[in-house]
file input-v8.pdb (PDB, C-alpha atoms)
ATOM      1  CA  MET A   1      41.184-241.730-157.351
ATOM      2  CA  LEU A   2      40.358-238.876-159.729
ATOM      3  CA  GLY A   3      40.296-235.326-158.331
ATOM      4  CA  LEU A   4      37.984-232.920-160.156
ATOM      5  CA  PHE A   5      38.182-229.139-159.921
ATOM      6  CA  ILE A   6      35.170-227.915-161.929
ATOM      7  CA  ASP A   7      34.510-224.284-162.839
ATOM      8  CA  THR A   8      31.063-222.805-162.143
ATOM      9  CA  CYS A   9      30.267-222.422-165.844
ATOM     10  CA  VAL A  10      30.527-226.185-166.369
ATOM     11  CA  TRP A  11      28.260-226.912-163.395
ATOM     12  CA  ILE A  12      25.662-224.479-164.749
ATOM     13  CA  ASP A  13      25.928-226.070-168.188
ATOM     14  CA  ILE A  14      25.383-229.553-166.729
ATOM     15  CA  ALA A  15      22.422-228.381-164.651
ATOM     16  CA  GLY A  16      20.795-226.689-167.634
ATOM     17  CA  ARG A  17      20.947-229.740-169.873
ATOM     18  CA  ARG A  18      18.020-232.017-170.460
ATOM     19  CA  ASP A  19      20.462-234.941-170.306
ATOM     20  CA  GLY A  20      22.378-233.518-167.345
ATOM     21  CA  GLN A  21      21.595-236.608-165.262
ATOM     22  CA  LYS A  22      24.025-238.584-167.435
ATOM     23  CA  LEU A  23      26.847-236.628-165.795
ATOM     24  CA  ILE A  24      25.294-235.876-162.397
ATOM     25  CA  VAL A  25      24.474-239.466-161.465
ATOM     26  CA  PRO A  26      27.879-240.990-162.373
ATOM     27  CA  LEU A  27      29.653-238.185-160.494
ATOM     28  CA  ARG A  28      27.533-238.853-157.416
ATOM     29  CA  VAL A  29      27.957-242.644-157.601
ATOM     30  CA  LEU A  30      31.717-242.562-158.220
ATOM     31  CA  LYS A  31      32.163-240.076-155.396
ATOM     32  CA  HIS A  32      30.129-242.309-153.083
ATOM     33  CA  LEU A  33      32.331-245.272-154.035
ATOM     34  CA  GLY A  34      35.454-243.290-153.125
ATOM     35  CA  LYS A  35      36.792-243.302-156.681
ATOM     36  CA  LEU A  36      36.364-239.601-157.316
ATOM     37  CA  GLU A  37      36.722-236.423-155.267
ATOM     38  CA  LEU A  38      35.174-233.041-156.027
ATOM     39  CA  PHE A  39      37.233-230.047-154.905
ATOM     40  CA  VAL A  40      34.859-227.129-154.445
ATOM     41  CA  PRO A  41      35.992-223.556-153.687
ATOM     42  CA  ASN A  42      33.463-221.337-151.934
ATOM     43  CA  VAL A  43      33.544-218.961-154.885
ATOM     44  CA  VAL A  44      32.105-221.723-157.108
ATOM     45  CA  ILE A  45      29.232-222.377-154.702
ATOM     46  CA  ASP A  46      28.529-218.647-154.413
ATOM     47  CA  GLU A  47      28.541-218.139-158.192
ATOM     48  CA  PHE A  48      26.318-221.162-158.780
ATOM     49  CA  GLU A  49      23.736-220.032-156.215
ATOM     50  CA  ARG A  50      23.860-216.472-157.549
ATOM     51  CA  ASN A  51      23.145-217.646-161.112
ATOM     52  CA  ARG A  52      20.646-220.345-160.185
ATOM     53  CA  PRO A  53      17.536-218.103-159.765
ATOM     54  CA  LEU A  54      18.177-216.665-163.216
ATOM     55  CA  ARG A  55      19.021-219.875-165.052
ATOM     56  CA  GLU A  56      16.359-222.221-163.655
ATOM     57  CA  PRO A  57      13.293-220.380-165.035
ATOM     58  CA  ALA A  58      15.203-219.413-168.171
ATOM     59  CA  VAL A  59      15.440-223.076-169.221
ATOM     60  CA  THR A  60      11.675-223.529-169.439
ATOM     61  CA  ARG A  61      10.950-219.982-170.551
ATOM     62  CA  SER A  62      13.289-220.107-173.526
ATOM     63  CA  VAL A  63      11.736-223.293-174.895
ATOM     64  CA  ARG A  64       8.200-222.026-174.323
ATOM     65  CA  ASP A  65       8.897-218.698-175.994
ATOM     66  CA  GLN A  66      10.528-220.337-179.002
ATOM     67  CA  LEU A  67       7.554-222.642-179.522
ATOM     68  CA  ARG A  68       5.058-219.806-179.136
ATOM     69  CA  GLN A  69       6.964-217.905-181.795
ATOM     70  CA  LEU A  70       6.810-220.928-184.089
ATOM     71  CA  VAL A  71       3.041-221.164-183.607
ATOM     72  CA  ALA A  72       2.655-217.437-184.379
ATOM     73  CA  ASP A  73       4.858-217.753-187.476
ATOM     74  CA  ALA A  74       2.861-220.751-188.671
ATOM     75  CA  ARG A  75      -0.387-218.824-188.349
ATOM     76  CA  ARG A  76       0.989-215.800-190.183
ATOM     77  CA  SER A  77       2.343-217.949-193.001
ATOM     78  CA  GLY A  78      -0.975-219.727-193.465
ATOM     79  CA  ALA A  79       0.280-223.157-192.379
ATOM     80  CA  ASN A  80      -2.341-225.864-192.561
ATOM     81  CA  HIS A  81      -4.372-226.864-189.516
ATOM     82  CA  GLN A  82      -2.408-230.062-189.003
ATOM     83  CA  HIS A  83       0.872-228.146-188.712
ATOM     84  CA  GLU A  84      -0.704-225.665-186.305
ATOM     85  CA  GLU A  85      -2.013-228.472-184.083
ATOM     86  CA  TRP A  86       1.426-230.096-184.062
ATOM     87  CA  LEU A  87       3.139-226.873-183.032
ATOM     88  CA  GLU A  88       0.600-226.210-180.282
ATOM     89  CA  ALA A  89       1.111-229.730-178.955
ATOM     90  CA  MET A  90       4.867-229.220-178.997
ATOM     91  CA  ALA A  91       4.457-225.897-177.187
ATOM     92  CA  TYR A  92       2.682-227.794-174.430
ATOM     93  CA  HIS A  93       5.009-230.802-174.419
ATOM     94  CA  LEU A  94       8.484-229.267-174.499
ATOM     95  CA  PRO A  95       8.136-227.097-171.386
ATOM     96  CA  LEU A  96       7.196-230.261-169.507
ATOM     97  CA  VAL A  97      10.428-231.825-170.698
ATOM     98  CA  SER A  98      12.409-228.707-169.799
ATOM     99  CA  ALA A  99      10.849-228.588-166.345
ATOM    100  CA  GLY A 100      12.668-231.834-165.587
ATOM    101  CA  VAL A 101      15.905-229.889-165.811
ATOM    102  CA  MET A 102      15.026-228.142-162.537
ATOM    103  CA  GLN A 103      15.933-231.342-160.686
ATOM    104  CA  ASN A 104      19.448-231.023-162.064
ATOM    105  CA  PHE A 105      20.032-227.702-160.329
ATOM    106  CA  SER A 106      19.117-229.143-156.935
ATOM    107  CA  GLU A 107      21.328-232.186-157.416
ATOM    108  CA  VAL A 108      24.296-230.137-158.611
ATOM    109  CA  ALA A 109      23.913-227.887-155.555
ATOM    110  CA  GLU A 110      24.001-231.003-153.371
ATOM    111  CA  LEU A 111      27.157-232.246-155.101
ATOM    112  CA  LEU A 112      28.814-228.892-154.454
ATOM    113  CA  ARG A 113      27.832-228.891-150.794
ATOM    114  CA  ASN A 114      29.154-232.424-150.330
ATOM    115  CA  GLY A 115      32.457-231.793-152.130
ATOM    116  CA  ARG A 116      35.770-231.155-150.392
ATOM    117  CA  SER A 117      35.852-227.484-149.495
ATOM    118  CA  VAL A 118      38.784-225.456-150.849
ATOM    119  CA  THR A 119      39.468-222.218-148.983
ATOM    120  CA  PRO A 120      41.884-219.565-150.296
ATOM    121  CA  THR A 121      44.665-218.248-148.070
ATOM    122  CA  ALA A 122      46.761-215.101-148.181
ATOM    123  CA  GLU A 123      49.230-217.000-150.380
ATOM    124  CA  GLU A 124      46.676-217.576-153.157
ATOM    125  CA  TYR A 125      45.471-213.981-152.990
ATOM    126  CA  ALA A 126      49.075-212.747-153.289
ATOM    127  CA  ARG A 127      49.664-214.915-156.353
ATOM    128  CA  VAL A 128      46.475-213.546-157.926
ATOM    129  CA  VAL A 129      47.832-210.016-157.507
ATOM    130  CA  GLN A 130      51.175-211.021-159.025
ATOM    131  CA  ARG A 131      49.393-212.714-161.934
ATOM    132  CA  GLY A 132      47.487-209.485-162.541
ATOM    133  CA  LEU A 133      50.656-207.396-162.466
ATOM    134  CA  GLU A 134      52.253-209.688-165.022
ATOM    135  CA  LYS A 135      49.073-209.774-167.184
ATOM    136  CA  LYS A 136      49.089-213.538-167.156
ATOM    137  CA  ALA A 137      45.988-215.572-167.983
ATOM    138  CA  PRO A 138      43.286-215.428-166.866
ATOM    139  CA  LEU A 139      44.126-211.772-166.147
ATOM    140  CA  HIS A 140      45.437-211.065-169.646
ATOM    141  CA  LEU A 141      42.225-209.383-170.850
ATOM    142  CA  ASN A 142      40.648-206.028-170.048
ATOM    143  CA  LYS A 143      37.942-207.494-167.840
ATOM    144  CA  ASN A 144      37.442-208.509-164.246
ATOM    145  CA  SER A 145      38.673-212.090-164.046
ATOM    146  CA  VAL A 146      39.913-212.031-160.474
ATOM    147  CA  ALA A 147      37.607-214.870-159.409
ATOM    148  CA  ASP A 148      38.928-216.980-162.298
ATOM    149  CA  ALA A 149      42.512-216.179-161.315
ATOM    150  CA  LEU A 150      41.723-217.273-157.767
ATOM    151  CA  LEU A 151      40.375-220.573-159.118
ATOM    152  CA  ILE A 152      43.548-221.341-161.052
ATOM    153  CA  GLU A 153      45.732-220.446-158.075
ATOM    154  CA  LEU A 154      43.686-222.713-155.818
ATOM    155  CA  TYR A 155      44.132-225.477-158.374
ATOM    156  CA  ALA A 156      47.886-224.829-158.448
ATOM    157  CA  THR A 157      48.031-225.155-154.655
ATOM    158  CA  LEU A 158      46.067-228.380-154.893
ATOM    159  CA  LEU A 159      48.637-229.822-157.288
ATOM    160  CA  ARG A 160      51.566-228.782-155.103
ATOM    161  CA  SER A 161      50.070-230.095-151.877
ATOM    162  CA  GLY A 162      49.093-233.365-153.469
ATOM    163  CA  ASP A 163      47.059-236.214-152.039
ATOM    164  CA  GLU A 164      48.457-239.727-151.958
ATOM    165  CA  ASN A 165      45.002-241.134-152.749
ATOM    166  CA  ILE A 166      44.640-239.095-155.964
ATOM    167  CA  ASN A 167      46.670-240.115-158.980
ATOM    168  CA  GLN A 168      45.152-237.632-161.442
ATOM    169  CA  TYR A 169      43.704-234.130-161.159
ATOM    170  CA  CYS A 170      41.552-232.324-163.696
ATOM    171  CA  PHE A 171      40.592-228.679-164.144
ATOM    172  CA  ALA A 172      37.326-228.419-166.112
ATOM    173  CA  THR A 173      36.013-225.146-167.550
ATOM    174  CA  SER A 174      33.998-223.817-170.466
ATOM    175  CA  ASN A 175      35.447-220.306-170.117
ATOM    176  CA  HIS A 176      37.749-220.384-173.137
ATOM    177  CA  GLN A 177      38.370-216.621-173.116
ATOM    178  CA  ASP A 178      40.126-216.728-169.764
ATOM    179  CA  PHE A 179      41.643-220.204-169.675
ATOM    180  CA  SER A 180      42.087-221.590-173.206
ATOM    181  CA  VAL A 181      44.682-220.842-175.861
ATOM    182  CA  VAL A 182      43.859-217.576-177.666
ATOM    183  CA  ASN A 183      42.201-217.995-181.084
ATOM    184  CA  GLY A 184      42.934-221.693-181.043
ATOM    185  CA  ASP A 185      41.668-225.044-179.837
ATOM    186  CA  HIS A 186      39.516-224.378-176.792
ATOM    187  CA  ARG A 187      40.484-227.780-175.457
ATOM    188  CA  GLN A 188      44.043-226.571-174.923
ATOM    189  CA  PRO A 189      45.049-224.382-171.959
ATOM    190  CA  HIS A 190      46.466-220.889-172.373
ATOM    191  CA  PRO A 191      50.303-220.969-172.584
ATOM    192  CA  ASP A 192      50.474-219.016-169.308
ATOM    193  CA  LEU A 193      48.847-222.035-167.641
ATOM    194  CA  GLY A 194      50.795-224.680-169.513
ATOM    195  CA  ASP A 195      53.046-225.608-166.591
ATOM    196  CA  LEU A 196      49.979-226.699-164.584
ATOM    197  CA  PHE A 197      49.032-229.254-167.232
ATOM    198  CA  SER A 198      52.406-230.495-168.423
ATOM    199  CA  GLU A 199      52.150-233.830-166.596
ATOM    200  CA  GLU A 200      49.724-236.704-167.125
ATOM    201  CA  SER A 201      48.689-236.302-163.498
ATOM    202  CA  SER A 202      47.010-232.964-164.312
ATOM    203  CA  ARG A 203      44.641-232.505-167.216
ATOM    204  CA  TYR A 204      42.825-229.546-168.739
ATOM    205  CA  THR A 205      39.282-230.283-169.903
ATOM    206  CA  TYR A 206      36.966-228.004-171.856
ATOM    207  CA  SER A 207      33.146-228.047-171.481
ATOM    208  CA  ALA A 208      30.715-230.677-170.211
ATOM    209  CA  GLU A 209      31.505-232.787-173.274
ATOM    210  CA  GLY A 210      35.184-232.714-172.395
ATOM    211  CA  LEU A 211      34.371-233.766-168.830
ATOM    212  CA  HIS A 212      32.353-236.677-170.195
ATOM    213  CA  GLU A 213      35.290-237.759-172.372
ATOM    214  CA  LEU A 214      37.677-237.484-169.427
ATOM    215  CA  LEU A 215      35.465-239.646-167.202
ATOM    216  CA  MET A 216      35.045-242.169-170.000
ATOM    217  CA  ASP A 217      38.808-242.279-170.512
ATOM    218  CA  TYR A 218      39.615-242.579-166.803
ATOM    219  CA  PHE A 219      36.881-244.977-165.614
ATOM    220  CA  GLY A 220      36.029-246.769-168.855
ATOM    221  CA  ASP A 221      33.180-249.275-168.651
ATOM    222  CA  GLU A 222      32.455-248.431-165.028
ATOM    223  CA  TYR A 223      31.485-244.899-166.025
ATOM    224  CA  LEU A 224      29.647-245.976-169.179
ATOM    225  CA  GLU A 225      27.541-248.448-167.180
ATOM    226  CA  GLU A 226      26.322-245.613-164.970
ATOM    227  CA  VAL A 227      25.500-243.475-168.024
ATOM    228  CA  GLU A 228      23.608-246.344-169.647
ATOM    229  CA  GLU A 229      21.663-246.993-166.462
ATOM    230  CA  VAL A 230      20.563-243.358-166.375
ATOM    231  CA  GLU A 231      19.462-243.598-170.008
ATOM    232  CA  SER A 232      17.468-246.755-169.301
ATOM    233  CA  LEU A 233      15.610-245.104-166.401
ATOM    234  CA  GLN A 234      14.764-241.856-168.150
ATOM    235  CA  THR A 235      11.176-241.558-169.375
ATOM    236  CA  GLU A 236       9.586-239.040-171.716
ATOM    237  CA  PRO A 237       6.611-236.999-170.491
ATOM    238  CA  ARG A 238       3.325-237.891-172.119
ATOM    239  CA  SER A 239       2.350-235.835-175.136
ATOM    240  CA  LEU A 240      -0.641-233.505-174.971
ATOM    241  CA  ALA A 241      -2.557-235.817-177.293
ATOM    242  CA  GLU A 242      -1.988-238.792-174.973
ATOM    243  CA  ILE A 243      -3.097-236.817-171.912
ATOM    244  CA  LEU A 244      -6.262-235.584-173.643
ATOM    245  CA  GLU A 245      -7.068-239.098-174.822
ATOM    246  CA  ALA A 246      -6.680-240.521-171.307
ATOM    247  CA  GLU A 247      -8.755-237.687-169.801
ATOM    248  CA  GLN A 248     -11.560-238.441-172.272
ATOM    249  CA  GLU A 249     -11.410-242.166-171.460
ATOM    250  CA  TYR A 250     -11.870-241.700-167.711
ATOM    251  CA  PHE A 251     -14.500-239.025-168.273
ATOM    252  CA  ASP A 252     -16.453-241.531-170.385
ATOM    253  CA  LYS A 253     -16.088-244.367-167.883
ATOM    254  CA  ILE A 254     -17.137-242.277-164.892
ATOM    255  CA  TRP A 255     -20.075-240.861-166.854
ATOM    256  CA  TYR A 256     -21.084-244.423-167.800
ATOM    257  CA  VAL A 257     -21.083-245.739-164.217
ATOM    258  CA  ARG A 258     -22.916-242.665-162.937
ATOM    259  CA  LYS A 259     -25.652-243.393-165.465
ATOM    260  CA  LEU A 260     -25.826-246.993-164.211
ATOM    261  CA  ILE A 261     -26.241-245.643-160.678
ATOM    262  CA  THR A 262     -28.987-243.267-161.882
ATOM    263  CA  LYS A 263     -30.829-246.171-163.534
ATOM    264  CA  GLU A 264     -30.626-248.193-160.315
ATOM    265  CA  LYS A 265     -32.068-245.294-158.339
ATOM    266  CA  ILE A 266     -34.894-244.884-160.867
ATOM    267  CA  ALA A 267     -35.684-248.614-160.658
ATOM    268  CA  ALA A 268     -35.753-248.400-156.849
ATOM    269  CA  GLY A 269     -38.039-245.371-156.961
ATOM    270  CA  GLU A 270     -35.406-243.147-155.337
ATOM    271  CA  THR A 271     -35.391-240.574-158.126
ATOM    272  CA  GLU A 272     -37.661-239.371-160.925
ATOM    273  CA  PRO A 273     -37.414-241.249-164.254
ATOM    274  CA  LEU A 274     -35.844-239.551-167.238
ATOM    275  CA  SER A 275     -37.909-238.300-170.150
ATOM    276  CA  GLU A 276     -38.233-240.722-173.045
ATOM    277  CA  ASP A 277     -35.951-238.663-175.304
ATOM    278  CA  LEU A 278     -33.305-238.179-172.626
ATOM    279  CA  ALA A 279     -33.397-241.854-171.652
ATOM    280  CA  ALA A 280     -32.873-242.821-175.302
ATOM    281  CA  LYS A 281     -29.863-240.482-175.591
ATOM    282  CA  VAL A 282     -28.375-241.894-172.378
ATOM    283  CA  ASP A 283     -28.776-245.463-173.637
ATOM    284  CA  GLU A 284     -27.171-244.558-176.954
ATOM    285  CA  GLY A 285     -24.253-242.866-175.185
ATOM    286  CA  MET A 286     -23.711-245.863-172.904
ATOM    287  CA  ARG A 287     -23.639-248.236-175.878
ATOM    288  CA  GLU A 288     -21.002-246.043-177.545
ATOM    289  CA  VAL A 289     -18.830-246.168-174.397
ATOM    290  CA  GLU A 290     -19.145-249.970-174.284
ATOM    291  CA  GLN A 291     -18.163-250.246-177.940
ATOM    292  CA  ARG A 292     -15.239-247.865-177.525
ATOM    293  CA  TYR A 293     -13.613-249.497-174.480
ATOM    294  CA  GLY A 294     -15.276-252.913-174.242
ATOM    295  CA  ALA A 295     -18.210-253.675-171.935
ATOM    296  CA  GLU A 296     -15.873-255.505-169.559
ATOM    297  CA  ASN A 297     -13.693-252.381-169.053
ATOM    298  CA  VAL A 298     -16.261-249.739-168.101
ATOM    299  CA  GLY A 299     -17.335-250.838-164.635
ATOM    300  CA  PRO A 300     -19.070-250.905-162.312
ATOM    301  CA  TRP A 301     -16.240-251.314-159.784
ATOM    302  CA  ASP A 302     -15.947-251.874-156.050
ATOM    303  CA  ASP A 303     -15.497-248.819-153.824
ATOM    304  CA  TRP A 304     -11.677-248.885-153.929
ATOM    305  CA  ASN A 305     -11.424-249.101-157.734
ATOM    306  CA  TRP A 306     -14.234-246.560-158.141
ATOM    307  CA  GLY A 307     -12.173-244.098-156.118
ATOM    308  CA  PHE A 308      -9.050-245.050-158.094
ATOM    309  CA  VAL A 309     -10.750-244.180-161.392
ATOM    310  CA  HIS A 310     -11.856-240.822-160.013
ATOM    311  CA  GLY A 311      -8.275-240.163-158.869
ATOM    312  CA  LYS A 312      -6.989-240.732-162.391
ATOM    313  CA  LEU A 313      -9.463-238.264-163.868
ATOM    314  CA  SER A 314      -8.631-235.694-161.190
ATOM    315  CA  ALA A 315      -4.871-236.011-161.852
ATOM    316  CA  LEU A 316      -5.265-235.759-165.621
ATOM    317  CA  ARG A 317      -7.441-232.681-165.319
ATOM    318  CA  TRP A 318      -4.973-231.063-162.916
ATOM    319  CA  VAL A 319      -2.200-231.533-165.498
ATOM    320  CA  LEU A 320      -4.447-229.875-168.071
ATOM    321  CA  GLY A 321      -5.000-226.839-165.844
ATOM    322  CA  ASP A 322      -8.116-227.612-163.783
ATOM    323  CA  GLU A 323      -8.233-227.503-160.007
ATOM    324  CA  TRP A 324      -7.772-230.675-157.966
ATOM    325  CA  ASP A 325     -10.882-232.846-157.482
ATOM    326  CA  PHE A 326     -12.758-231.390-160.454
ATOM    327  CA  LEU A 327     -14.794-234.453-161.428
ATOM    328  CA  ASP A 328     -17.852-233.061-163.217
ATOM    329  CA  THR A 329     -19.162-235.157-166.083
TER     330      THR A 329
END
call {"tool": "encode", "arguments": {"input": "input-v8.pdb", "output": "structure tokens"}}
result
Amino acid sequence: MLGLFIDTCVWIDIAGRRDGQKLIVPLRVLKHLGKLELFVPNVVIDEFERNRPLREPAVTRSVRDQLRQLVADARRSGANHQHEEWLEAMAYHLPLVSAGVMQNFSEVAELLRNGRSVTPTAEEYARVVQRGLEKKAPLHLNKNSVADALLIELYATLLRSGDENINQYCFATSNHQDFSVVNGDHRQPHPDLGDLFSEESSRYTYSAEGLHELLMDYFGDEYLEEVEEVESLQTEPRSLAEILEAEQEYFDKIWYVRKLITKEKIAAGETEPLSEDLAAKVDEGMREVEQRYGAENVGPWDDWNWGFVHGKLSALRWVLGDEWDFLDT
């Protein structure tokens, strides 16, 4: 079994990634299979939840703001209409993609809650104080890194206590200032922490990419199969152009059938006939709808399918900003 001790910064990085599911899902599956254990200090949960309200909206906001700036720049520079339309479509499309990242935050929070809780004792706190007195990493800089020092001391205790079911431990962080070698390869631990990672049974991993490489190295094909399955299930949101095209299609079809119903009511004497000019325009419009979609694809339908078509138009319009059940034609 692999034992993972993951710093808050890595969890936040994973949650904020569009492809974060490629790490979240394998971690969840391998943990469920009993092949991986997540060791989670309370300080990590607290830091994640404290940062979550700030980071979640920032993911979508940053993409939206960047695209809006691109649109403004294009207009100022006199970009052609085609470029402007493309940028506006991207400004609509990318926030939809980014919004999918919000699921990652919830799933990471669940992983943290379901991990094995690690609680500091007086011994770890005492070692943090001693580390600070000796100016040892991560307390070697002029900044408050007490929480980071507590993490590394908890990890040290974990190594000493051991678990007969775990044959390899890993400390994962993306905080190179506190934990990595100074002015060197961020993938290497600070010399003050070297004794914790001198054996093959304990590894130091930098960033979400490093965690991915570690899992690939440890689990091999089993891990890669989970990643590939996630990739195969991921779908891209529809583009603005596709949504507008579909909205127009169901608008046309509903309009067409409503005109058929109006003609039936006129024939039955239930409503006043249309003027000659208006009737001619309606007939011309109906022929255009038949030519565009095929006469066999524009109804009429039975009650269930008629309601289904209305539901599609309502959903498409809701995505475009209208209220639910807006079905005017």
call {"tool": "residues_around", "arguments": {"input": "input-v8.pdb", "residues": "Leu233 of chain A", "least_positions_apart": "3", "cutoff": "12 Å", "atoms": "all atoms listed in the file", "output": "VMD selection string"}}
result
chain A and resid 19 21 to 22 25 226 to 230 236
call {"tool": "closest_residue", "arguments": {"input": "input-v8.pdb", "among": "A:Thr8, A:Gln188, A:Ser202, A:Asn42", "to": "Ile166 of chain A", "atoms": "all atoms listed in the file"}}
result
A:Ser202
call {"tool": "residues_around", "arguments": {"input": "input-v8.pdb", "residues": "Val40 of chain A", "least_positions_apart": "5", "cutoff": "9 Å", "atoms": "all atoms listed in the file", "output": "PyMOL selection string"}}
result
chain A and resi 4-7+45+112-119
call {"tool": "axis_aligned_box", "arguments": {"input": "input-v8.pdb", "around": "segment 153-163 of chain A", "padding_each_side": "5 Å", "output": "JSON"}}
result
{"center_x": 47.6, "center_y": -228.3, "center_z": -155.2, "size_x": 17.9, "size_y": 25.8, "size_z": 16.6}
call {"tool": "residues_around", "arguments": {"input": "input-v8.pdb", "residues": "Leu158 of chain A", "least_positions_apart": "5", "cutoff": "10 Å", "atoms": "all atoms listed in the file", "output": "tab-separated table (two decimals) with C-alpha atoms, in the coordinates of the input"}}
result
chain	number	residue	atom	x	y	z
A	3	GLY	CA	40.30	-235.33	-158.33
A	5	PHE	CA	38.18	-229.14	-159.92
A	39	PHE	CA	37.23	-230.05	-154.90
A	118	VAL	CA	38.78	-225.46	-150.85
A	152	ILE	CA	43.55	-221.34	-161.05
A	153	GLU	CA	45.73	-220.45	-158.07
A	163	ASP	CA	47.06	-236.21	-152.04
A	169	TYR	CA	43.70	-234.13	-161.16
call {"tool": "residues_around", "arguments": {"input": "input-v8.pdb", "residues": "Arg317 of chain A", "least_positions_apart": "6", "cutoff": "9 Å", "atoms": "only C-alpha atoms", "output": "mmCIF file with C-alpha atoms, in the frame of the given file"}}
result
data_model
loop_
_atom_site.group_PDB
_atom_site.id
_atom_site.type_symbol
_atom_site.label_atom_id
_atom_site.label_comp_id
_atom_site.auth_asym_id
_atom_site.auth_seq_id
_atom_site.Cartn_x
_atom_site.Cartn_y
_atom_site.Cartn_z
ATOM 1 C CA ILE A 243 -3.097 -236.817 -171.912
ATOM 2 C CA LEU A 244 -6.262 -235.584 -173.643
ATOM 3 C CA GLU A 247 -8.755 -237.687 -169.801
ATOM 4 C CA GLU A 323 -8.233 -227.503 -160.007
ATOM 5 C CA TRP A 324 -7.772 -230.675 -157.966
ATOM 6 C CA ASP A 325 -10.882 -232.846 -157.482
ATOM 7 C CA PHE A 326 -12.758 -231.390 -160.454
ATOM 8 C CA LEU A 327 -14.794 -234.453 -161.428
#
call {"tool": "residues_around", "arguments": {"input": "input-v8.pdb", "residues": "Asp178 of chain A", "least_positions_apart": "3", "cutoff": "12 Å", "atoms": "only C-alpha atoms", "output": "compact mmCIF listing (two decimals) with C-alpha atoms, in the coordinates of the input"}}
result
# COMPACT_ATOMS: atom_id res chain seq x y z
CA ASP A 7 34.51 -224.28 -162.84
CA LYS A 135 49.07 -209.77 -167.18
CA LYS A 136 49.09 -213.54 -167.16
CA ALA A 137 45.99 -215.57 -167.98
CA PRO A 138 43.29 -215.43 -166.87
CA LEU A 139 44.13 -211.77 -166.15
CA HIS A 140 45.44 -211.06 -169.65
CA LEU A 141 42.22 -209.38 -170.85
CA ASN A 142 40.65 -206.03 -170.05
CA LYS A 143 37.94 -207.49 -167.84
CA ASN A 144 37.44 -208.51 -164.25
CA SER A 145 38.67 -212.09 -164.05
CA VAL A 146 39.91 -212.03 -160.47
CA ALA A 147 37.61 -214.87 -159.41
CA ASP A 148 38.93 -216.98 -162.30
CA ALA A 149 42.51 -216.18 -161.32
CA LEU A 151 40.38 -220.57 -159.12
CA ILE A 152 43.55 -221.34 -161.05
CA THR A 173 36.01 -225.15 -167.55
CA SER A 174 34.00 -223.82 -170.47
CA ASN A 175 35.45 -220.31 -170.12
CA VAL A 181 44.68 -220.84 -175.86
CA VAL A 182 43.86 -217.58 -177.67
CA ASN A 183 42.20 -218.00 -181.08
CA HIS A 186 39.52 -224.38 -176.79
CA GLN A 188 44.04 -226.57 -174.92
CA PRO A 189 45.05 -224.38 -171.96
CA HIS A 190 46.47 -220.89 -172.37
CA PRO A 191 50.30 -220.97 -172.58
CA ASP A 192 50.47 -219.02 -169.31
CA LEU A 193 48.85 -222.04 -167.64
CA TYR A 206 36.97 -228.00 -171.86
call {"tool": "residues_near_point", "arguments": {"input": "input-v8.pdb", "point": "(-16.6, -245.5, -172.4)", "cutoff": "12 Å", "atoms": "all atoms listed in the file", "output": "JSON, numbers by chain"}}
result
{"A": [245, 246, 247, 248, 249, 250, 251, 252, 253, 254, 255, 256, 257, 258, 259, 284, 285, 286, 287, 288, 289, 290, 291, 292, 293, 294, 295, 296, 297, 298, 299, 300]}
call {"tool": "closest_residue", "arguments": {"input": "input-v8.pdb", "among": "A:Ser180, A:Leu316, A:Gln130, A:Asn167", "to": "Glu199 of chain A", "atoms": "only C-alpha atoms"}}
result
A:Asn167
call {"tool": "atom_distance", "arguments": {"input": "input-v8.pdb", "atom1": "atom CA of Leu2 of chain A", "atom2": "atom CA of Leu33 of chain A"}}
result
11.7 Å
call {"tool": "atom_distance", "arguments": {"input": "input-v8.pdb", "atom1": "atom CA of Leu111 of chain A", "atom2": "atom CA of Val44 of chain A"}}
result
11.8 Å
call {"tool": "atom_distance", "arguments": {"input": "input-v8.pdb", "atom1": "atom CA of Gly20 of chain A", "atom2": "atom CA of Leu224 of chain A"}}
result
14.5 Å
call {"tool": "resolve_selection", "arguments": {"input": "input-v8.pdb", "expression": "the PyMOL selection byres ((chain A and resi 13) around 12)", "output": "PyMOL selection string"}}
result
chain A and resi 6-12+14-21+23-24+48+51-52+55-56+59+101+104-105+108+172-175+206-209+211
call {"tool": "closest_residue", "arguments": {"input": "input-v8.pdb", "among": "A:Ala241, A:Thr271, A:Thr205, A:Pro53", "to": "Asp185 of chain A", "atoms": "all atoms listed in the file"}}
result
A:Thr205
